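Data block for coords-v7.txt (compact mmCIF, C-alpha atoms):
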# COMPACT_ATOMS: atom_id res chain seq x y z
CA MET T 764 -107.11 -32.13 3.55
CA SER T 765 -106.80 -33.26 7.18
CA VAL T 766 -105.70 -30.83 9.87
CA LEU T 767 -102.29 -31.57 11.34
CA THR T 768 -102.15 -31.75 15.14
CA ALA T 769 -99.42 -32.20 17.72
CA GLU T 770 -101.03 -35.43 18.91
CA MET T 771 -101.07 -36.77 15.35
CA LEU T 772 -97.34 -36.05 15.01
CA LEU T 773 -96.46 -37.77 18.27
CA TYR T 774 -98.47 -40.85 17.29
CA ALA T 775 -96.82 -40.92 13.85
CA TYR T 776 -93.26 -40.61 15.15
CA SER T 777 -93.84 -43.36 17.71
CA HIS T 778 -94.91 -45.64 14.83
CA GLY T 779 -92.04 -44.85 12.44
CA ILE T 780 -94.02 -42.40 10.29
CA PHE T 781 -93.08 -38.81 9.46
CA PRO T 782 -94.71 -35.95 7.50
CA MET T 783 -93.61 -33.88 4.54
CA ALA T 784 -95.64 -31.17 2.86
CA ASP T 785 -96.12 -30.82 -0.89
CA GLY T 786 -94.10 -27.76 -1.92
CA ARG T 787 -96.79 -26.65 -4.37
CA ASN T 788 -99.91 -26.69 -2.22
CA GLY T 789 -98.74 -27.37 1.36
CA GLU T 790 -100.71 -30.61 1.68
CA VAL T 791 -99.10 -32.93 4.23
CA HIS T 792 -98.22 -36.49 3.17
CA TRP T 793 -97.04 -39.28 5.48
CA TYR T 794 -94.01 -41.52 4.91
CA SER T 795 -92.38 -44.58 6.40
CA ALA T 796 -89.06 -45.17 4.65
CA ASP T 797 -87.69 -48.65 3.96
CA PRO T 798 -84.75 -48.76 4.23
CA ARG T 799 -84.52 -46.14 6.97
CA ALA T 800 -81.55 -43.82 7.50
CA ILE T 801 -80.08 -43.38 10.97
CA ILE T 802 -76.85 -41.94 12.34
CA PRO T 803 -75.35 -44.31 14.92
CA LEU T 804 -74.59 -42.13 17.94
CA ASP T 805 -71.73 -44.33 19.10
CA THR T 806 -69.79 -44.17 15.82
CA TYR T 807 -70.22 -40.50 14.86
CA ARG T 808 -66.94 -38.60 14.58
CA PRO T 809 -66.59 -35.02 13.34
CA GLN T 810 -64.93 -34.64 9.97
CA ARG T 811 -61.23 -33.84 10.23
CA SER T 812 -61.81 -30.48 8.52
CA LEU T 813 -64.36 -29.52 11.22
CA ARG T 814 -62.05 -30.09 14.18
CA PRO T 815 -60.15 -26.75 13.88
CA ILE T 816 -63.51 -24.93 13.69
CA LEU T 817 -64.68 -26.67 16.86
CA ASN T 818 -61.40 -25.93 18.64
CA ARG T 819 -61.57 -22.22 17.79
CA ASN T 820 -65.14 -21.81 19.13
CA ILE T 821 -66.14 -19.69 16.15
CA PHE T 822 -69.83 -20.19 16.92
CA GLU T 823 -71.80 -19.91 20.13
CA VAL T 824 -74.07 -22.96 20.33
CA ARG T 825 -77.43 -22.71 22.08
CA ARG T 826 -80.38 -25.05 22.49
CA ASP T 827 -84.05 -24.11 22.30
CA THR T 828 -83.59 -20.34 22.29
CA ALA T 829 -84.88 -19.75 18.73
CA PHE T 830 -86.95 -22.76 17.73
CA GLU T 831 -89.41 -21.08 15.37
CA PRO T 832 -86.74 -18.94 13.64
CA VAL T 833 -84.66 -22.10 13.04
CA MET T 834 -87.63 -23.91 11.57
CA ARG T 835 -88.51 -20.95 9.35
CA ARG T 836 -84.94 -20.79 8.07
CA CYS T 837 -85.10 -24.52 7.33
CA ALA T 838 -88.39 -23.95 5.47
CA ALA T 839 -86.98 -21.19 3.27
CA PRO T 840 -86.50 -22.18 -0.38
CA ARG T 841 -82.98 -23.31 -1.29
CA PRO T 842 -81.02 -21.74 -4.16
CA THR T 843 -81.37 -25.00 -6.08
CA ASP T 844 -85.06 -25.61 -5.28
CA GLU T 845 -87.88 -23.11 -4.87
CA ASN T 846 -90.17 -25.68 -3.23
CA THR T 847 -90.08 -26.59 0.45
CA TRP T 848 -91.46 -29.62 2.26
CA ILE T 849 -92.07 -27.56 5.43
CA SER T 850 -95.46 -25.84 5.21
CA GLU T 851 -96.79 -23.00 7.36
CA GLU T 852 -99.12 -25.52 9.02
CA MET T 853 -96.08 -27.64 9.94
CA VAL T 854 -94.27 -24.62 11.41
CA ASP T 855 -97.32 -23.91 13.59
CA VAL T 856 -97.72 -27.49 14.82
CA TYR T 857 -94.01 -28.14 15.44
CA THR T 858 -93.82 -24.86 17.35
CA GLN T 859 -96.67 -26.18 19.47
CA LEU T 860 -94.68 -29.42 19.97
CA HIS T 861 -91.74 -27.26 21.06
CA ARG T 862 -93.90 -25.53 23.68
CA MET T 863 -95.00 -29.01 24.85
CA GLY T 864 -91.33 -30.03 25.29
CA TYR T 865 -91.04 -32.46 22.35
CA ALA T 866 -89.51 -30.40 19.51
CA HIS T 867 -86.06 -28.89 19.95
CA SER T 868 -83.54 -26.73 18.15
CA VAL T 869 -79.76 -26.54 18.29
CA GLU T 870 -78.52 -23.18 17.06
CA ALA T 871 -75.20 -21.71 15.93
CA TRP T 872 -74.82 -17.98 16.63
CA GLN T 873 -72.11 -15.57 15.54
CA ASP T 874 -71.91 -11.89 16.45
CA GLY T 875 -75.44 -12.07 17.86
CA GLN T 876 -76.87 -13.48 14.63
CA LEU T 877 -78.49 -16.87 14.07
CA VAL T 878 -76.27 -18.35 11.33
CA GLY T 879 -77.10 -22.05 11.39
CA GLY T 880 -79.05 -24.70 13.18
CA LEU T 881 -81.29 -27.72 13.13
CA TYR T 882 -84.49 -28.96 14.67
CA GLY T 883 -86.13 -32.26 15.44
CA VAL T 884 -88.42 -34.15 17.78
CA ALA T 885 -87.38 -36.02 20.93
CA MET T 886 -89.40 -38.87 22.41
CA GLY T 887 -87.92 -41.20 24.99
CA GLY T 888 -84.40 -42.01 23.83
CA ALA T 889 -85.12 -41.26 20.17
CA PHE T 890 -84.37 -38.02 18.35
CA PHE T 891 -86.00 -37.55 14.96
CA GLY T 892 -83.84 -35.11 13.02
CA GLU T 893 -85.93 -33.03 10.63
CA SER T 894 -83.93 -30.31 8.89
CA MET T 895 -80.97 -27.96 9.16
CA PHE T 896 -79.87 -24.70 7.61
CA THR T 897 -76.71 -22.63 7.38
CA VAL T 898 -75.85 -19.13 6.26
CA ARG T 899 -72.21 -19.29 7.41
CA SER T 900 -69.82 -22.01 6.40
CA ASN T 901 -69.74 -24.90 8.92
CA ALA T 902 -72.46 -23.43 11.20
CA SER T 903 -74.91 -26.31 10.75
CA LYS T 904 -72.08 -28.85 11.07
CA VAL T 905 -71.12 -27.36 14.43
CA ALA T 906 -74.77 -27.40 15.56
CA PHE T 907 -75.04 -31.05 14.53
CA HIS T 908 -71.83 -31.95 16.37
CA HIS T 909 -73.21 -30.39 19.55
CA LEU T 910 -76.52 -32.20 19.05
CA VAL T 911 -74.75 -35.57 18.97
CA LEU T 912 -72.69 -34.75 22.07
CA HIS T 913 -75.86 -33.68 23.88
CA LEU T 914 -77.81 -36.79 22.84
CA ARG T 915 -74.98 -39.04 24.00
CA GLY T 916 -74.74 -37.22 27.30
CA GLN T 917 -78.48 -37.55 27.93
CA GLY T 918 -78.54 -41.27 27.11
CA PHE T 919 -80.33 -41.18 23.75
CA GLU T 920 -80.05 -44.36 21.67
CA LEU T 921 -81.49 -43.47 18.26
CA LEU T 922 -80.87 -40.58 15.86
CA ASP T 923 -83.30 -40.92 12.95
CA THR T 924 -82.61 -39.07 9.68
CA GLN T 925 -85.40 -40.73 7.67
CA PHE T 926 -83.87 -40.84 4.15
CA ILE T 927 -80.27 -41.25 3.05
CA ASN T 928 -78.74 -38.38 1.07
CA ASP T 929 -75.31 -36.83 0.59
CA ASN T 930 -75.85 -34.40 3.46
CA VAL T 931 -76.55 -37.04 6.13
CA LYS T 932 -73.93 -39.40 4.69
CA ARG T 933 -71.21 -36.93 5.66
CA TYR T 934 -72.33 -37.32 9.29
CA GLY T 935 -72.07 -41.10 9.14
CA ALA T 936 -75.65 -42.01 8.22
CA ILE T 937 -76.37 -45.61 7.32
CA GLU T 938 -79.43 -47.40 6.02
CA ILE T 939 -81.13 -50.21 7.91
CA PRO T 940 -84.25 -52.26 7.11
CA ALA T 941 -87.51 -50.80 8.39
CA SER T 942 -88.01 -53.88 10.58
CA GLU T 943 -84.68 -53.23 12.33
CA TYR T 944 -85.54 -49.54 12.66
CA MET T 945 -88.85 -50.38 14.34
CA ARG T 946 -87.04 -52.66 16.80
CA LEU T 947 -84.57 -49.88 17.67
CA LEU T 948 -87.39 -47.34 17.88
CA GLU T 949 -89.38 -49.46 20.33
CA MET T 950 -86.31 -49.85 22.56
CA ALA T 951 -85.45 -46.14 22.37
CA LEU T 952 -88.98 -44.99 23.16
CA SER T 953 -88.91 -47.01 26.37
CA ARG T 954 -85.86 -45.09 27.64
CA PRO T 955 -86.64 -42.66 30.50
CA VAL T 956 -84.41 -39.87 29.19
CA SER T 957 -85.10 -36.24 28.50
CA PHE T 958 -83.69 -33.74 26.04
Target encoding structure tokens, full file:
Amino acid sequence: MSVLTAEMLLYAYSHGIFPMADGRNGEVHWYSADPRAIIPLDTYRPQRSLRPILNRNIFEVRRDTAFEPVMRRCAAPRPTDENTWISEEMVDVYTQLHRMGYAHSVEAWQDGQLVGGLYGVAMGGAFFGESMFTVRSNASKVAFHHLVLHLRGQGFELLDTQFINDNVKRYGAIEIPASEYMRLLEMALSRPVSF
């Protein structure tokens, strides 16, 4: 089993590749999805049912104040699945990426408690969304909404979600051919923007 490093992750992301760990033994495998799922930043709109939640400011949204706790919550087994694709080795290396300024979290807080959030990796004008969690209804949706607003404001061009599933579909995810994804990735990586 090869040792995962921060440099290896940065190289992989810049070439359209991402890791997932085997939930049984923690071994990291590499993937390059075709088709690839992205969320177009210019067409995202919050669901109508989320708008009253946003207007009432139920959650305090922060960035990069609890990266490792967010990642550990994302790694926790789900009620419907005991396995996780986020290994302890991945937590360690992504936390290192966070200290290097590449990995970021967006967090939803309520009454001083971390109740939802997401994390991902930013390079150039590309943000590679990795995972999200919620323990209070709508918390992760609010965190995601604030992520999109932040990415737009900073000039990001690409929000990668890797695979299509029901969760990312609700945020407007679409599938594109890998060749088109690589073209968009190359353009986004050349953008001089910062998270």
Contacts between range 816-840 of chain T and range 844-953 of chain T, please, where a residue of range 844-953 of chain T counts if it comes within 6 Å (with all atoms listed in the file); show its shortest atom pair and distance in Å to one decimal, rows by chain and ascending number, as CSV.
residue,atom,partner,partner_atom,distance
T:Glu845,CA,T:Pro840,CA,4.8
T:Asn846,CA,T:Pro840,CA,5.8
T:Thr847,CA,T:Pro840,CA,5.7
T:Ile849,CA,T:Ala838,CA,5.2
T:His867,CA,T:Asp827,CA,5.7
T:Ser868,CA,T:Asp827,CA,4.9
T:Val869,CA,T:Arg826,CA,4.5
T:Glu870,CA,T:Arg825,CA,5.2
T:Ala871,CA,T:Val824,CA,4.7
T:Trp872,CA,T:Glu823,CA,5.0
T:Gln873,CA,T:Phe822,CA,5.3
T:Met895,CA,T:Cys837,CA,5.7
T:Phe896,CA,T:Cys837,CA,5.2
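Put simply, CA of Glu920 in chain T is 6.1 Å away from CA of Ala889 in chain T.
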Surrounding residues of range 943-956 of chain T excluding itself and chain neighbours under 6 positions, 8 Å, all atoms listed in the file, as number ranges by chain: T: 777-779, 799, 886-889, 917-921
Take the selection from the previous step and output its residues with C-alpha atoms, as a JSON list (two decimals), in the coordinates of the input.
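Contents of the output file out08.json:
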[["chain", "number", "residue", "atom", "x", "y", "z"],
["T", 777, "SER", "CA", -93.84, -43.36, 17.71],
["T", 778, "HIS", "CA", -94.91, -45.64, 14.83],
["T", 779, "GLY", "CA", -92.04, -44.85, 12.44],
["T", 799, "ARG", "CA", -84.52, -46.14, 6.97],
["T", 886, "MET", "CA", -89.40, -38.87, 22.41],
["T", 887, "GLY", "CA", -87.92, -41.20, 24.99],
["T", 888, "GLY", "CA", -84.40, -42.01, 23.83],
["T", 889, "ALA", "CA", -85.12, -41.26, 20.17],
["T", 917, "GLN", "CA", -78.48, -37.55, 27.93],
["T", 918, "GLY", "CA", -78.54, -41.27, 27.11],
["T", 919, "PHE", "CA", -80.33, -41.18, 23.75],
["T", 920, "GLU", "CA", -80.05, -44.36, 21.67],
["T", 921, "LEU", "CA", -81.49, -43.47, 18.26]]
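Atom to atom, CA of Leu767 in chain T and CA of Asn788 in chain T stand 14.6 Å apart.
With distances restricted to only C-alpha atoms, T:Gln925 is the closest residue to Trp793 in chain T from T:Gln925, T:Ser812, T:Ser942, T:Ser894.
As for CA of Ala906 in chain T and CA of Phe926 in chain T, they are spaced 19.8 Å apart.
When all atoms listed in the file are used to compute distances to Val884 in chain T, the closest of the residues T:Leu804, T:Ile927, T:Ala902, T:Leu773 turns out to be T:Leu773.
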